[in-house]
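**Student:** coords06.pdb is reproduced in full below (PDB, C-alpha atoms).
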```pdb
ATOM      1  CA  MET A  51     -17.927  30.973  -8.067
ATOM      2  CA  ASN A  52     -14.767  30.296 -10.099
ATOM      3  CA  ASP A  53     -12.778  32.464  -7.677
ATOM      4  CA  PHE A  54     -13.945  30.628  -4.558
ATOM      5  CA  LEU A  55     -11.067  28.073  -4.567
ATOM      6  CA  PRO A  56      -7.561  28.521  -5.974
ATOM      7  CA  THR A  57      -6.923  27.210  -9.487
ATOM      8  CA  GLY A  58      -5.835  23.573  -9.395
ATOM      9  CA  TYR A  59      -6.961  23.063  -5.777
ATOM     10  CA  CYS A  60      -6.997  19.434  -4.531
ATOM     11  CA  GLU A  61      -7.929  18.005  -1.138
ATOM     12  CA  PRO A  62      -4.746  17.259   0.850
ATOM     13  CA  VAL A  63      -3.895  13.577   1.326
ATOM     14  CA  THR A  64      -3.204  12.451   4.894
ATOM     15  CA  SER A  65      -3.167   8.681   4.460
ATOM     16  CA  ASN A  66      -0.002   6.728   5.222
ATOM     17  CA  TYR A  67      -1.067   4.031   2.742
ATOM     18  CA  THR A  68      -1.009   4.212  -1.049
ATOM     19  CA  LYS A  69      -4.320   3.531  -2.767
ATOM     20  CA  LEU A  70      -3.979   2.728  -6.450
ATOM     21  CA  VAL A  71      -6.290   5.123  -8.303
ATOM     22  CA  ASP A  72      -7.534   5.117 -11.886
ATOM     23  CA  GLY A  73      -4.841   6.208 -14.304
ATOM     24  CA  ASP A  74      -1.137   6.526 -13.508
ATOM     25  CA  ASN A  75       0.256   5.858 -10.012
ATOM     26  CA  LYS A  76       3.911   6.894 -10.034
ATOM     27  CA  PHE A  77       6.196   6.132  -7.093
ATOM     28  CA  ARG A  78       9.785   5.511  -5.998
ATOM     29  CA  ILE A  79      10.414   2.521  -3.751
ATOM     30  CA  LEU A  80      12.408   3.525  -0.651
ATOM     31  CA  SER A  81      12.670   0.327   1.419
ATOM     32  CA  GLU A  82      13.081  -3.404   1.207
ATOM     33  CA  ALA A  83       9.833  -5.378   1.032
ATOM     34  CA  VAL A  84       8.189  -7.481   3.699
ATOM     35  CA  VAL A  85       6.150 -10.384   2.324
ATOM     36  CA  GLY A  86       3.531 -12.790   3.595
ATOM     37  CA  MET A  87      -0.156 -13.615   3.504
ATOM     38  CA  VAL A  88      -3.031 -11.237   4.242
ATOM     39  CA  PHE A  89      -6.685 -11.985   4.949
ATOM     40  CA  TRP A  90      -9.572  -9.952   6.355
ATOM     41  CA  GLN A  91     -11.581 -10.320   9.543
ATOM     42  CA  THR A  92     -14.599  -8.459  10.852
ATOM     43  CA  VAL A  93     -14.019  -6.188  13.855
ATOM     44  CA  LEU A  94     -16.271  -3.663  15.564
ATOM     45  CA  ASN A  95     -15.177  -0.038  15.400
ATOM     46  CA  GLU A  96     -15.553   2.502  18.214
ATOM     47  CA  ASN A  97     -19.211   3.042  17.226
ATOM     48  CA  GLY A  98     -19.989  -0.670  17.324
ATOM     49  CA  LYS A  99     -20.219  -0.944  13.535
ATOM     50  CA  PRO A 100     -18.518  -3.846  11.728
ATOM     51  CA  ASN A 101     -15.365  -3.016   9.770
ATOM     52  CA  GLN A 102     -12.857  -5.205   7.966
ATOM     53  CA  LYS A 103      -9.319  -5.390   9.301
ATOM     54  CA  PRO A 104      -6.378  -7.033   7.522
ATOM     55  CA  ILE A 105      -4.515  -9.798   9.351
ATOM     56  CA  ARG A 106      -0.998 -10.322   8.012
ATOM     57  CA  ARG A 107       1.195 -13.360   8.565
ATOM     58  CA  ARG A 108       4.754 -14.222   7.664
ATOM     59  CA  PRO A 109       5.048 -16.845   4.903
ATOM     60  CA  GLU A 110       5.942 -19.604   7.372
ATOM     61  CA  GLU A 111       3.122 -18.821   9.836
ATOM     62  CA  PRO A 112       0.013 -21.022   9.498
ATOM     63  CA  ILE A 113      -3.511 -19.694   8.991
ATOM     64  CA  SER A 114      -6.215 -21.923  10.435
ATOM     65  CA  ALA A 115      -9.491 -22.589   8.636
ATOM     66  CA  ASP A 116     -11.559 -21.068  11.474
ATOM     67  CA  GLU A 117      -9.808 -17.705  10.932
ATOM     68  CA  ILE A 118     -11.148 -17.454   7.373
ATOM     69  CA  GLU A 119     -14.469 -15.631   7.062
ATOM     70  CA  LEU A 120     -17.050 -15.972   4.289
ATOM     71  CA  ASP A 121     -17.857 -13.218   1.819
ATOM     72  CA  LYS A 122     -21.387 -11.960   1.129
ATOM     73  CA  TYR A 123     -21.889 -14.867  -1.294
ATOM     74  CA  GLY A 124     -20.926 -17.468   1.314
ATOM     75  CA  LYS A 125     -17.515 -18.194  -0.209
ATOM     76  CA  PRO A 126     -14.313 -18.143   1.878
ATOM     77  CA  ARG A 127     -12.234 -14.983   1.563
ATOM     78  CA  LEU A 128      -8.967 -16.788   0.963
ATOM     79  CA  PRO A 129      -5.642 -15.266   2.042
ATOM     80  CA  LYS A 130      -3.613 -13.429  -0.582
ATOM     81  CA  HIS A 131       0.140 -13.181  -0.924
ATOM     82  CA  PHE A 132       1.378  -9.625  -0.392
ATOM     83  CA  TRP A 133       4.438  -7.442  -0.681
ATOM     84  CA  ALA A 134       4.579  -4.264   1.400
ATOM     85  CA  PHE A 135       7.234  -1.563   1.148
ATOM     86  CA  VAL A 136       7.721   2.159   1.679
ATOM     87  CA  VAL A 137       7.337   4.433  -1.337
ATOM     88  CA  TYR A 138       7.333   8.088  -2.215
ATOM     89  CA  ASN A 139       3.966   8.552  -3.945
ATOM     90  CA  TYR A 140       4.331  11.328  -6.546
ATOM     91  CA  ASN A 141       0.541  11.679  -6.908
ATOM     92  CA  ASP A 142       0.067  12.370  -3.178
ATOM     93  CA  GLU A 143       3.533  13.946  -2.714
ATOM     94  CA  ARG A 144       3.889  11.818   0.401
ATOM     95  CA  ILE A 145       5.890   8.940   1.881
ATOM     96  CA  GLN A 146       3.522   5.991   2.292
ATOM     97  CA  ILE A 147       3.334   2.205   2.477
ATOM     98  CA  LEU A 148       2.286   0.397  -0.693
ATOM     99  CA  GLU A 149       0.881  -3.106  -0.271
ATOM    100  CA  LEU A 150       0.560  -5.235  -3.408
ATOM    101  CA  THR A 151      -1.676  -8.299  -3.535
ATOM    102  CA  GLN A 152      -2.055  -8.288  -7.326
ATOM    103  CA  SER A 153       0.137 -11.068  -8.722
ATOM    104  CA  GLY A 154       0.474  -9.404 -12.134
ATOM    105  CA  ILE A 155       1.962  -6.241 -10.620
ATOM    106  CA  ARG A 156       4.349  -8.233  -8.422
ATOM    107  CA  ARG A 157       5.413 -10.345 -11.393
ATOM    108  CA  ALA A 158       6.112  -7.234 -13.513
ATOM    109  CA  ILE A 159       8.226  -5.650 -10.762
ATOM    110  CA  LYS A 160      10.078  -8.940 -10.219
ATOM    111  CA  ASN A 161      10.828  -9.060 -13.959
ATOM    112  CA  LEU A 162      12.375  -5.585 -13.711
ATOM    113  CA  ILE A 163      14.453  -6.661 -10.710
ATOM    114  CA  ASN A 164      15.746  -9.712 -12.625
ATOM    115  CA  LYS A 165      16.886  -7.666 -15.641
ATOM    116  CA  PRO A 166      20.512  -6.510 -15.307
ATOM    117  CA  LYS A 167      19.639  -3.173 -16.936
ATOM    118  CA  TRP A 168      17.152  -2.375 -14.158
ATOM    119  CA  GLY A 169      17.895  -4.389 -10.994
ATOM    120  CA  ASP A 170      17.103  -2.834  -7.599
ATOM    121  CA  PRO A 171      13.725  -1.042  -7.904
ATOM    122  CA  ARG A 172      14.894   1.679  -5.531
ATOM    123  CA  ASP A 173      17.034   3.044  -8.388
ATOM    124  CA  TYR A 174      14.219   4.158 -10.708
ATOM    125  CA  ASP A 175      10.611   5.325 -10.701
ATOM    126  CA  ILE A 176       7.786   2.869 -11.360
ATOM    127  CA  THR A 177       4.315   3.672 -12.676
ATOM    128  CA  ILE A 178       1.331   1.380 -12.173
ATOM    129  CA  THR A 179      -1.515   2.305 -14.514
ATOM    130  CA  ARG A 180      -4.963   1.192 -13.420
ATOM    131  CA  GLU A 181      -7.867   0.894 -15.863
ATOM    132  CA  GLY A 182     -11.351  -0.594 -15.580
ATOM    133  CA  LYS A 183     -13.497  -1.490 -12.581
ATOM    134  CA  ASP A 184     -14.124  -4.406 -10.245
ATOM    135  CA  LEU A 185     -13.330  -7.761 -11.903
ATOM    136  CA  ASP A 186     -12.427  -5.990 -15.157
ATOM    137  CA  THR A 187      -9.673  -3.890 -13.553
ATOM    138  CA  GLU A 188      -6.343  -4.144 -15.370
ATOM    139  CA  TYR A 189      -2.917  -2.965 -14.280
ATOM    140  CA  THR A 190       0.162  -2.260 -16.369
ATOM    141  CA  VAL A 191       3.614  -1.556 -14.962
ATOM    142  CA  SER A 192       6.254   0.660 -16.553
ATOM    143  CA  SER A 193       9.570   2.044 -15.354
ATOM    144  CA  ASP A 194      11.576   5.197 -15.986
ATOM    145  CA  PRO A 195      15.325   5.150 -16.647
ATOM    146  CA  LYS A 196      17.554   4.928 -13.571
ATOM    147  CA  GLU A 197      18.241   8.263 -11.928
ATOM    148  CA  GLU A 198      19.223   9.706  -8.579
ATOM    149  CA  PHE A 199      16.354  10.413  -6.218
ATOM    150  CA  ASP A 200      15.712  13.592  -4.207
ATOM    151  CA  GLU A 201      18.109  13.456  -1.261
ATOM    152  CA  LYS A 202      15.776  15.500   0.953
ATOM    153  CA  ILE A 203      13.022  12.903   0.603
ATOM    154  CA  ILE A 204      15.504  10.091   1.346
ATOM    155  CA  GLU A 205      16.618  11.909   4.509
ATOM    156  CA  GLN A 206      12.980  12.459   5.508
ATOM    157  CA  TYR A 207      12.287   8.740   5.010
ATOM    158  CA  LYS A 208      15.289   7.721   7.138
ATOM    159  CA  ALA A 209      14.257  10.103   9.917
ATOM    160  CA  MET A 210      10.751   8.600  10.007
ATOM    161  CA  LYS A 211      12.061   5.169  11.122
ATOM    162  CA  ILE A 212       9.123   3.305   9.566
ATOM    163  CA  ASP A 213       8.968  -0.272  10.916
ATOM    164  CA  LEU A 214       7.267  -2.564   8.388
ATOM    165  CA  GLU A 215       7.733  -5.610  10.633
ATOM    166  CA  VAL A 216       4.901  -4.447  12.921
ATOM    167  CA  LEU A 217       2.439  -5.035  10.073
ATOM    168  CA  TYR A 218       2.532  -8.709  11.122
ATOM    169  CA  SER A 219       1.303  -7.861  14.618
ATOM    170  CA  GLY A 220      -1.263  -5.226  13.589
ATOM    171  CA  GLY A 221       0.878  -2.367  14.891
ATOM    172  CA  ASP A 222       1.505   1.077  13.438
ATOM    173  CA  PRO A 223       4.649   1.201  11.237
ATOM    174  CA  PHE A 224       4.646   4.998  11.601
ATOM    175  CA  ALA A 225       4.422   4.980  15.429
ATOM    176  CA  SER A 226       7.921   6.382  15.911
ATOM    177  CA  THR A 227       7.611   9.114  13.268
ATOM    178  CA  SER A 228       7.063  12.764  13.984
ATOM    179  CA  GLU A 229       4.269  12.761  11.351
ATOM    180  CA  LYS A 230       2.061  10.507  13.486
ATOM    181  CA  THR A 231      -1.044  12.364  14.580
ATOM    182  CA  GLU A 232      -2.535  11.959  18.024
ATOM    183  CA  GLY A 233      -4.571   8.766  18.249
ATOM    184  CA  GLN A 234      -3.706   7.547  14.744
ATOM    185  CA  SER A 235      -2.919   3.865  14.453
ATOM    186  CA  GLN A 236      -2.099   1.474  11.640
ATOM    187  CA  SER A 237      -5.011  -0.746  12.502
ATOM    188  CA  LYS A 238      -7.492   2.150  12.376
ATOM    189  CA  GLU A 239      -6.248   3.480   9.067
ATOM    190  CA  ASP A 240      -5.988  -0.006   7.659
ATOM    191  CA  GLU A 241      -9.589  -0.882   8.536
ATOM    192  CA  ILE A 242     -12.298  -0.335   5.936
ATOM    193  CA  SER A 243     -16.071  -0.337   6.003
ATOM    194  CA  ILE A 244     -17.573  -3.795   5.700
ATOM    195  CA  ASP A 245     -19.296  -2.607   2.506
ATOM    196  CA  GLU A 246     -15.930  -1.885   0.844
ATOM    197  CA  ILE A 247     -14.367  -5.319   1.275
ATOM    198  CA  PRO A 248     -13.169  -6.766  -2.059
TER     199      PRO A 248
END
```
Go ahead and render the structure in this file as structure tokens.
**Tutor:**
Amino acid sequence: MNDFLPTGYCEPVTSNYTKLVDGDNKFRILSEAVVGMVFWQTVLNENGKPNQKPIRRRPEEPISADEIELDKYGKPRLPKHFWAFVVYNYNDERIQILELTQSGIRRAIKNLINKPKWGDPRDYDITITREGKDLDTEYTVSSDPKEEFDEKIIEQYKAMKIDLEVLYSGGDPFASTSEKTEGQSQSKEDEISIDEIP
């Protein structure tokens, strides 16, 4: 039985979006950030089952009260401020989009940006450590010293022509990349089961 799978085998990751997992999540930021507000709406998938889809707006774009849905407790699921940017995820060994709605993480990264010793977050690796579950989840942010990044990955990122602006219209930022699989779309990958909504 021990010989059935190679030592150290892990399922390959195919997602274009970073999911913060328990423990350390190390990445290098590759792009500028887009910012705005995100909220969730119920949509029906191809099988007619309800899923949750994120709706993103630029900071200056209004969100009307009738667009806001209620959670399972009858409370409005209020929009959250977000940053989204392209990263190289060391855990998944893949170029992905990381979207941050956690104010503590954003604040920690902004503090790094504002320190002369650190500055532009594309110049060093950042690790977000996640601990706990649900409402007791805590995140800490740390940074490595500045160092040059792998030029091959930078060239791969540039060739992918990822367009973060289409997040605002529900499009696929990876649509022009050669990595896009047939039929894959941002909105499909971005949707989650209605049972998983935070």
**Student:** Distance CA of Gly154 (chain A)-CA of Pro126 (chain A), one decimal place?
**Tutor:**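 If I compute the distance from CA of Gly154 (chain A) to CA of Pro126 (chain A), I get 22.2 Å.
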**Student:** What's the separation between CA of Met87 (chain A) and CA of Asn139 (chain A), in Å to one decimal place?
**Tutor:** 23.7 Å
**Student:** Would you list the contacts of Glu119 (chain A) as a list of chain:residue names, taking every protein, DNA or RNA residue within 9 Å and counting all atoms listed in the file, but skipping same-chain residues closer than 2 positions in sequence?
**Tutor:**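 Non-adjacent residues within range: A:Phe89, A:Trp90, A:Gln91, A:Thr92, A:Ala115, A:Asp116, A:Glu117, A:Asp121, A:Gly124, A:Lys125, A:Pro126, A:Arg127, A:Leu128.
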**Student:** Please expand the PyMOL selection byres ((chain A and resi 71) around 12) into the concrete residues it hits in this file, giving the result as a list in words.
**Tutor:**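 Residues picked by the PyMOL selection byres ((chain A and resi 71) around 12): Thr68, Lys69, Leu70, Asp72, Gly73, Asp74, Asn75, Lys76, Asn139, Asn141, Asp142, Thr177, Ile178, Thr179, Arg180, Glu181, Gly182, Lys183, Thr187, Glu188 and Tyr189 of chain A.
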**Student:** Using the chain letters and numbers from the file, give me the residues hit by the PyMOL selection byres ((chain A and resi 148) around 10), as a PyMOL selection string.
**Tutor:** chain A and resi 66-70+77+79+83+133-139+145-147+149-151
**Student:** Determine the nearest neighbour of Ala225 (chain A) from the options A:Asp173, A:Val88, A:Ile212, A:Glu96, counting all atoms listed in the file.
**Tutor:**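 For Ala225 (chain A), the nearest of the given residues is A:Ile212.
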**Student:** Rounded to one decimal place, report the CA of Asp175 (chain A)-CA of Gln152 (chain A) distance in Å.
**Tutor:**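 A separation of 18.9 Å between them.
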**Student:** In terms of the shortest atom-to-atom distance over only C-alpha atoms, which of A:Met210, A:Ile176, A:Val93, A:Ile159 is closest to Ser193 (chain A)?
**Tutor:**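 Smallest distance to Ser193 (chain A) is found for A:Ile176.
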**Student:** Let me make sure I understand: among A:Leu217, A:Ile113, A:Leu94, A:Val85, which one has the smallest atom-to-atom distance to Pro129 (chain A) if we use only C-alpha atoms?
**Tutor:**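 Smallest distance to Pro129 (chain A) is found for A:Ile113.
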**Student:** If I wrap all listed atoms of region 170-179 of chain A in a box with edges along x, y and z and add 3 Å on each side, what are its centre and edge lengths in Å to one decimal, as lines of an AutoDock Vina configuration file?
**Tutor:**
```
center_x = 7.8
center_y = 1.2
center_z = -10.0
size_x = 24.6
size_y = 14.2
size_z = 15.0
```
**Student:** Applying the PyMOL selection byres ((chain A and resi 211) around 10) to the file I just gave you, which residues come out? Please list them as a PDB file with C-alpha atoms, in the coordinates of the input.
**Tutor:**
```
ATOM      1  CA  GLN A 206      12.980  12.459   5.508  1.00  0.00           C
ATOM      2  CA  TYR A 207      12.287   8.740   5.010  1.00  0.00           C
ATOM      3  CA  LYS A 208      15.289   7.721   7.138  1.00  0.00           C
ATOM      4  CA  ALA A 209      14.257  10.103   9.917  1.00  0.00           C
ATOM      5  CA  MET A 210      10.751   8.600  10.007  1.00  0.00           C
ATOM      6  CA  ILE A 212       9.123   3.305   9.566  1.00  0.00           C
ATOM      7  CA  ASP A 213       8.968  -0.272  10.916  1.00  0.00           C
ATOM      8  CA  LEU A 214       7.267  -2.564   8.388  1.00  0.00           C
ATOM      9  CA  PRO A 223       4.649   1.201  11.237  1.00  0.00           C
ATOM     10  CA  PHE A 224       4.646   4.998  11.601  1.00  0.00           C
ATOM     11  CA  ALA A 225       4.422   4.980  15.429  1.00  0.00           C
ATOM     12  CA  SER A 226       7.921   6.382  15.911  1.00  0.00           C
ATOM     13  CA  THR A 227       7.611   9.114  13.268  1.00  0.00           C
ATOM     14  CA  SER A 228       7.063  12.764  13.984  1.00  0.00           C
TER      15      SER A 228
END
```
**Student:** Excluding Leu162 (chain A) and any residue of its chain fewer than 3 positions from it, enumerate the residues within 10 Å of it, using only C-alpha atoms, and give them as a list of chain:residue names.
**Tutor:** A:Arg156, A:Arg157, A:Ala158, A:Ile159, A:Lys165, A:Pro166, A:Lys167, A:Trp168, A:Gly169, A:Asp170, A:Pro171, A:Ile176, A:Val191, A:Ser192, A:Ser193
**Student:** Model the absent atoms of region 143-176 of chain A so that N, CA and C atoms are present, and write the result as a PDB file, in the frame of the given file.
**Tutor:**
```pdb
ATOM      1  N   GLU A 143       2.360  13.209  -3.217  1.00  0.00           N
ATOM      2  CA  GLU A 143       3.533  13.946  -2.714  1.00  0.00           C
ATOM      3  C   GLU A 143       3.776  13.602  -1.244  1.00  0.00           C
ATOM      4  N   ARG A 144       3.844  12.288  -0.990  1.00  0.00           N
ATOM      5  CA  ARG A 144       3.889  11.818   0.401  1.00  0.00           C
ATOM      6  C   ARG A 144       4.587  10.468   0.489  1.00  0.00           C
ATOM      7  N   ILE A 145       5.301  10.239   1.587  1.00  0.00           N
ATOM      8  CA  ILE A 145       5.890   8.940   1.881  1.00  0.00           C
ATOM      9  C   ILE A 145       4.791   8.060   2.473  1.00  0.00           C
ATOM     10  N   GLN A 146       4.610   6.883   1.888  1.00  0.00           N
ATOM     11  CA  GLN A 146       3.522   5.991   2.292  1.00  0.00           C
ATOM     12  C   GLN A 146       3.986   4.536   2.216  1.00  0.00           C
ATOM     13  N   ILE A 147       3.126   3.641   2.664  1.00  0.00           N
ATOM     14  CA  ILE A 147       3.334   2.205   2.477  1.00  0.00           C
ATOM     15  C   ILE A 147       2.449   1.754   1.323  1.00  0.00           C
ATOM     16  N   LEU A 148       3.044   1.005   0.400  1.00  0.00           N
ATOM     17  CA  LEU A 148       2.286   0.397  -0.693  1.00  0.00           C
ATOM     18  C   LEU A 148       2.250  -1.104  -0.457  1.00  0.00           C
ATOM     19  N   GLU A 149       1.052  -1.659  -0.407  1.00  0.00           N
ATOM     20  CA  GLU A 149       0.881  -3.106  -0.271  1.00  0.00           C
ATOM     21  C   GLU A 149       0.310  -3.642  -1.579  1.00  0.00           C
ATOM     22  N   LEU A 150       0.988  -4.652  -2.143  1.00  0.00           N
ATOM     23  CA  LEU A 150       0.560  -5.235  -3.408  1.00  0.00           C
ATOM     24  C   LEU A 150       0.098  -6.668  -3.200  1.00  0.00           C
ATOM     25  N   THR A 151      -1.159  -6.928  -3.553  1.00  0.00           N
ATOM     26  CA  THR A 151      -1.676  -8.299  -3.535  1.00  0.00           C
ATOM     27  C   THR A 151      -1.956  -8.794  -4.951  1.00  0.00           C
ATOM     28  N   GLN A 152      -1.787  -7.925  -5.935  1.00  0.00           N
ATOM     29  CA  GLN A 152      -2.055  -8.288  -7.326  1.00  0.00           C
ATOM     30  C   GLN A 152      -0.830  -8.999  -7.899  1.00  0.00           C
ATOM     31  N   SER A 153      -1.002 -10.257  -8.259  1.00  0.00           N
ATOM     32  CA  SER A 153       0.137 -11.068  -8.722  1.00  0.00           C
ATOM     33  C   SER A 153       0.757 -10.508  -9.997  1.00  0.00           C
ATOM     34  N   GLY A 154      -0.059  -9.953 -10.891  1.00  0.00           N
ATOM     35  CA  GLY A 154       0.474  -9.404 -12.134  1.00  0.00           C
ATOM     36  C   GLY A 154       1.417  -8.239 -11.900  1.00  0.00           C
ATOM     37  N   ILE A 155       1.089  -7.370 -10.943  1.00  0.00           N
ATOM     38  CA  ILE A 155       1.962  -6.241 -10.620  1.00  0.00           C
ATOM     39  C   ILE A 155       3.261  -6.748 -10.003  1.00  0.00           C
ATOM     40  N   ARG A 156       3.140  -7.684  -9.054  1.00  0.00           N
ATOM     41  CA  ARG A 156       4.349  -8.233  -8.422  1.00  0.00           C
ATOM     42  C   ARG A 156       5.251  -8.894  -9.459  1.00  0.00           C
ATOM     43  N   ARG A 157       4.643  -9.647 -10.361  1.00  0.00           N
ATOM     44  CA  ARG A 157       5.413 -10.345 -11.393  1.00  0.00           C
ATOM     45  C   ARG A 157       6.157  -9.345 -12.295  1.00  0.00           C
ATOM     46  N   ALA A 158       5.485  -8.248 -12.658  1.00  0.00           N
ATOM     47  CA  ALA A 158       6.112  -7.234 -13.513  1.00  0.00           C
ATOM     48  C   ALA A 158       7.283  -6.565 -12.802  1.00  0.00           C
ATOM     49  N   ILE A 159       7.127  -6.266 -11.517  1.00  0.00           N
ATOM     50  CA  ILE A 159       8.226  -5.650 -10.762  1.00  0.00           C
ATOM     51  C   ILE A 159       9.373  -6.646 -10.598  1.00  0.00           C
ATOM     52  N   LYS A 160       9.041  -7.913 -10.340  1.00  0.00           N
ATOM     53  CA  LYS A 160      10.078  -8.940 -10.219  1.00  0.00           C
ATOM     54  C   LYS A 160      10.845  -9.103 -11.529  1.00  0.00           C
ATOM     55  N   ASN A 161      10.155  -8.990 -12.666  1.00  0.00           N
ATOM     56  CA  ASN A 161      10.828  -9.060 -13.959  1.00  0.00           C
ATOM     57  C   ASN A 161      11.820  -7.918 -14.127  1.00  0.00           C
ATOM     58  N   LEU A 162      11.445  -6.717 -13.661  1.00  0.00           N
ATOM     59  CA  LEU A 162      12.375  -5.585 -13.711  1.00  0.00           C
ATOM     60  C   LEU A 162      13.603  -5.853 -12.839  1.00  0.00           C
ATOM     61  N   ILE A 163      13.353  -6.369 -11.632  1.00  0.00           N
ATOM     62  CA  ILE A 163      14.453  -6.661 -10.710  1.00  0.00           C
ATOM     63  C   ILE A 163      15.423  -7.666 -11.321  1.00  0.00           C
ATOM     64  N   ASN A 164      14.906  -8.651 -12.064  1.00  0.00           N
ATOM     65  CA  ASN A 164      15.746  -9.712 -12.625  1.00  0.00           C
ATOM     66  C   ASN A 164      16.500  -9.297 -13.879  1.00  0.00           C
ATOM     67  N   LYS A 165      16.177  -8.133 -14.448  1.00  0.00           N
ATOM     68  CA  LYS A 165      16.886  -7.666 -15.641  1.00  0.00           C
ATOM     69  C   LYS A 165      18.110  -6.857 -15.217  1.00  0.00           C
ATOM     70  N   PRO A 166      19.287  -7.223 -15.701  1.00  0.00           N
ATOM     71  CA  PRO A 166      20.512  -6.510 -15.307  1.00  0.00           C
ATOM     72  C   PRO A 166      20.435  -5.004 -15.558  1.00  0.00           C
ATOM     73  N   LYS A 167      19.728  -4.596 -16.610  1.00  0.00           N
ATOM     74  CA  LYS A 167      19.639  -3.173 -16.936  1.00  0.00           C
ATOM     75  C   LYS A 167      18.886  -2.387 -15.871  1.00  0.00           C
ATOM     76  N   TRP A 168      17.976  -3.062 -15.149  1.00  0.00           N
ATOM     77  CA  TRP A 168      17.152  -2.375 -14.158  1.00  0.00           C
ATOM     78  C   TRP A 168      17.589  -2.730 -12.737  1.00  0.00           C
ATOM     79  N   GLY A 169      17.441  -3.982 -12.327  1.00  0.00           N
ATOM     80  CA  GLY A 169      17.895  -4.389 -10.994  1.00  0.00           C
ATOM     81  C   GLY A 169      17.068  -3.789  -9.871  1.00  0.00           C
ATOM     82  N   ASP A 170      17.738  -3.330  -8.820  1.00  0.00           N
ATOM     83  CA  ASP A 170      17.103  -2.834  -7.599  1.00  0.00           C
ATOM     84  C   ASP A 170      16.052  -1.767  -7.935  1.00  0.00           C
ATOM     85  N   PRO A 171      14.780  -1.995  -7.549  1.00  0.00           N
ATOM     86  CA  PRO A 171      13.725  -1.042  -7.904  1.00  0.00           C
ATOM     87  C   PRO A 171      13.788   0.272  -7.138  1.00  0.00           C
ATOM     88  N   ARG A 172      14.728   0.396  -6.221  1.00  0.00           N
ATOM     89  CA  ARG A 172      14.894   1.679  -5.531  1.00  0.00           C
ATOM     90  C   ARG A 172      15.714   2.663  -6.366  1.00  0.00           C
ATOM     91  N   ASP A 173      16.182   2.203  -7.540  1.00  0.00           N
ATOM     92  CA  ASP A 173      17.034   3.044  -8.388  1.00  0.00           C
ATOM     93  C   ASP A 173      16.288   3.750  -9.508  1.00  0.00           C
ATOM     94  N   TYR A 174      14.987   3.539  -9.623  1.00  0.00           N
ATOM     95  CA  TYR A 174      14.219   4.158 -10.708  1.00  0.00           C
ATOM     96  C   TYR A 174      12.755   4.269 -10.295  1.00  0.00           C
ATOM     97  N   ASP A 175      12.036   5.140 -10.977  1.00  0.00           N
ATOM     98  CA  ASP A 175      10.611   5.325 -10.701  1.00  0.00           C
ATOM     99  C   ASP A 175       9.805   4.257 -11.425  1.00  0.00           C
ATOM    100  N   ILE A 176       8.708   3.854 -10.791  1.00  0.00           N
ATOM    101  CA  ILE A 176       7.786   2.869 -11.360  1.00  0.00           C
ATOM    102  C   ILE A 176       6.407   3.499 -11.438  1.00  0.00           C
TER     103      ILE A 176
END
```
